[in-house]
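Q: The following block contains the structure, expressed as structure tokens.
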Amino acid sequence: MSTAGIREPSVGRLAVVRAESAKLSAFLRRDFLVAWSYRLSFVTDWASMIVQVIVFNFVGKIVRVDAVGTFGGSQPTYMEYVAVGIAISSFMAVGLGRVYSVIRQEQLQGTLESLLLTPTAYTTIQMGSVVYDLVYVPVRTFIFLGLTTVVFGTSFNWSGLGPTLAILLVFIPFVWGLGVLAAAWTLTFKRGTGVIGIVTTFVTIGAGTYFPTSVLPSWAEEVFRFSPVTIALKAAREALLGTAGWADTLPSILVLVPCAIVSLSVGVFAFRQALERERRRGTLGLY
Amino acid sequence: MGAIEQVAAGDAAAIPAIEARRVSRSFGAKQALREVSLAVMPGRIHALLGPNGAGKTTLLRILTGLTGPDTGEVRVLGSGAGDLMSREARRSIGLVPSGDRTFYMRLSGLENLRFFARMHGLSKNEAVARSWEVLHDVGLEDAARQVMGTYSHGMQKRLSVARALLMSPPILFVDEATHDLDPQAARRVQELVRAARDRGTAVMWATQRIDEIRGFADRVTVLREGTVRFEGSVPQLMAVTIARRYLVHLHGEGDVLAVAGAALEDLGGVALSSDADGEHFIVALREEVVLGRAVAALDAAGLSVLTCREERSEIEAAFLFLTEEGAATDREEGR
């Protein structure tokens with residue numbers, strides 16, 4: 001008996017891709033309704049965001065203006081610096097944190113097997129599981145940046161939005177690949193969510209989300225300098241806080257593209273292997 | 001004659017909807033299935049009967065592709081490739097799982113069905129229309145917009161049947177569907193499955209509730225410790241029973257067991273065993289022995305028959321013979 005995932009003959013593959021893509025809206029609706037059923041969590045999410053903004057505004061008042069460095073000759077405030085950091089890291093949280101936790105949740109509530117019994121591709125299940133977050137997080141981020149602009153007078157170079165989106169376009173697949181890899185890990189070992197949380201926090205801080213990496217010990221600064229998260233965050237800051245345009249952003253994008261390809265390829269491969277392994281072993285429902 | 005051979009000997013044109021050939025599966029040191037073969041024809045209900053741990057769920061999981069076999073072959077709708085992970089195979093299979101944890105409990109019944117219908121490839125409008133249809137079929141229209149978390153166990157099970165029938169699959173697997181349902185709800189689920197069978201669906205019904213298969217299942221496979229102990233029709237299953245068993249309450253002087261044993265000895269085909277209290281006995285009668293004669297013999301021996309009731313149904317006796325007593329025989333023979 002074959003042990004691979006859903007396979008289709010090459011004829012009609014395009015129709016299959018179209019049919020699979022159409023399923024994503026069903027995932028979106030499902031997760032919106034589930035999220036909406038926890039109305040209080042919406043309120044607390046927005047409340048925590050507002051509190052976060054207020055806290056960083058006060059922290060900004062005690063931080064020297066030049067402490068965060070300059071971007072393209074411009075000197076941002078601490079609030080502007082950290083706002084971009086939080087915005088980018090929220091995408092990392094989705095990719096790295098949500099992908100595996102949603103798959104884990106499906107496994108815990110027993111719906112993973114129900115999904116696998118339908119003619120739905122593994123990739124669709126992975127993408128569908130986070131499609132709601134991929135819509136919600138940018139909206140939330142945009143409102144977050146808007147809020148800091150309106151209430152605290154932060155200023156962004158909105159012409160840098162295009163290059164920033166281009167960075168996100170390659171950054172999201174990179175962290176997504178890591179998230180799928182984490183999902184494969186939890187499917188196989190049923191544990192490890194704590195480790196993934198710690199790694200996420202470590203990478204977020206090390207990338208300079210809340211403070212410049214120059215304040216880190218020199219060895220840590222060297223290590224994190226090569227992190228794709230650091231590279232993406234730095235490029236986004238150059239674009240939104242400085243004057244970096246498409247040409248300035250391109251080198252960062254060119255570094256992130258192979259990272260994204262490798263990360264996504266390894267993640268998807270590992271996830272398929274993990275699912276097939278669990279299926280063969282008959283332990284898909286175990287957690 | 002095994003299931004496969006029977007199919008071959010029967011209608012040559014008929015292709016089993018479900019076919020397992022010498023399927024074995026072990027989990028560590030435990031052999032869950034040992035060379036299990038069976039075939040289910042379209043429009044038939046095939047009961048998979050066995051006590052807890054017999055291997056029913058493992059077999060169903062293998063047949064649905066959720067678990068792989070160690071050895072053996074599984075075919076669905078005669079598919080040469082036997083590929084249960086193919087899109088076509090998944091469209092052909094409906095599963096009513098034994099557990100409740102298979103739905104999104106924060107969503108309504110309608111939304112759950114709509115979601116799974118979309119996963120089967122239906123468009124938004126088709127998914128909604130089909131969800132309402134199956135909700136109507138299982139009698140859950142009024143609760144359609146109710147959150148799943150508020151559904152009773154019986155309602156959840158009916159919704160599970162509805163989901164399995166969303167695509168009118170030619171194959172339906174039902175795992176312990178009536179387990180801990182009240183009789184009315186159990187009957188309702190059976191009616192739904194019977195209706196699917198009447199539309200040509202091949203049904204595999206795994207259960208440990210043996211009385212529900214009479215008048216319901218067309219064929220039965222009895223599993224014990226992963227091995228097929230019996231394969232045939234329900235009447236054939238009943239025919240393998242060695243005895244009708246009665247619980248009798250006797251009163252008399254002296255050693256009641258010895259007196260009763262001596263009284264029944266002449267009848268032949270009667271086995272007597274004592275209960276712990278020395279007053280209740282199990283009298284097992286072979287087919288040819290009339291109960292009245294046994295009671296008369298006990299009475300003639302000076303024993304008062306205070307009560308007498310059939311201990312188990314014939315079908316249950318057959319089941320126990322195949323699973324428990326058969327196991328005892330195996331143990332004695334060192335198998």
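We label chains A, B, ... in the order they appear in the structure tokens, count residues from 1 in each chain, and number ligands from 1 in the order shown.
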Write out as a tab-separated table (two decimals) with C-alpha atoms, in the first residue's frame which residues come within 8 Å of region 49-61 of chain B when counting only C-alpha atoms, dropping same-chain ones fewer than 6 positions away.
A:
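This went into result01.tsv:
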```tsv
chain	number	residue	atom	x	y	z
A	282	GLY	CA	-1.30	4.44	14.11
B	32	ALA	CA	-3.45	-6.24	17.22
B	33	LEU	CA	-4.45	-8.02	14.00
B	67	THR	CA	-3.14	3.56	10.13
B	173	PHE	CA	-17.36	2.73	8.42
B	175	ASP	CA	-17.12	2.46	14.91
B	206	ALA	CA	-17.92	-2.33	14.43
B	207	THR	CA	-19.58	-3.12	17.70
B	208	GLN	CA	-19.38	-5.07	20.89
B	209	ARG	CA	-23.15	-4.88	21.38
B	210	ILE	CA	-24.04	-8.17	19.87
B	220	VAL	CA	-20.64	-10.87	10.70
B	221	THR	CA	-16.97	-11.20	11.39
B	222	VAL	CA	-16.10	-12.00	14.98
B	223	LEU	CA	-12.68	-10.86	16.08
B	224	ARG	CA	-10.86	-11.96	19.18
B	225	GLU	CA	-7.37	-10.81	20.01
B	226	GLY	CA	-6.86	-9.76	16.42
B	227	THR	CA	-7.89	-13.08	14.93
B	319	PHE	CA	-20.44	-14.50	20.83
B	323	THR	CA	-14.53	-15.03	22.22
```
Q: What residues in chain A have any atom no more than 10 Å from chain B when counting only C-alpha atoms, and can you write them as a ChimeraX atom specification?
A: /A:1-8,16,19-20,22-27,29-31,33-38,106-121,124-125,276-285
Q: How would you write, as a ChimeraX atom specification, the set of residues in region 5-198 of chain B that DSSP gives as strand (DSSP E)?
A: /B:18-27,30-40,45-49,71-76,93-96,171-175
Q: Which of these residues is nearest to Arg244 (chain B), using only C-alpha atoms: B:Glu212, B:Gly292, B:Leu77, B:Glu310?
A: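 Among the listed residues, the smallest separation from Arg244 (chain B) belongs to B:Glu310.
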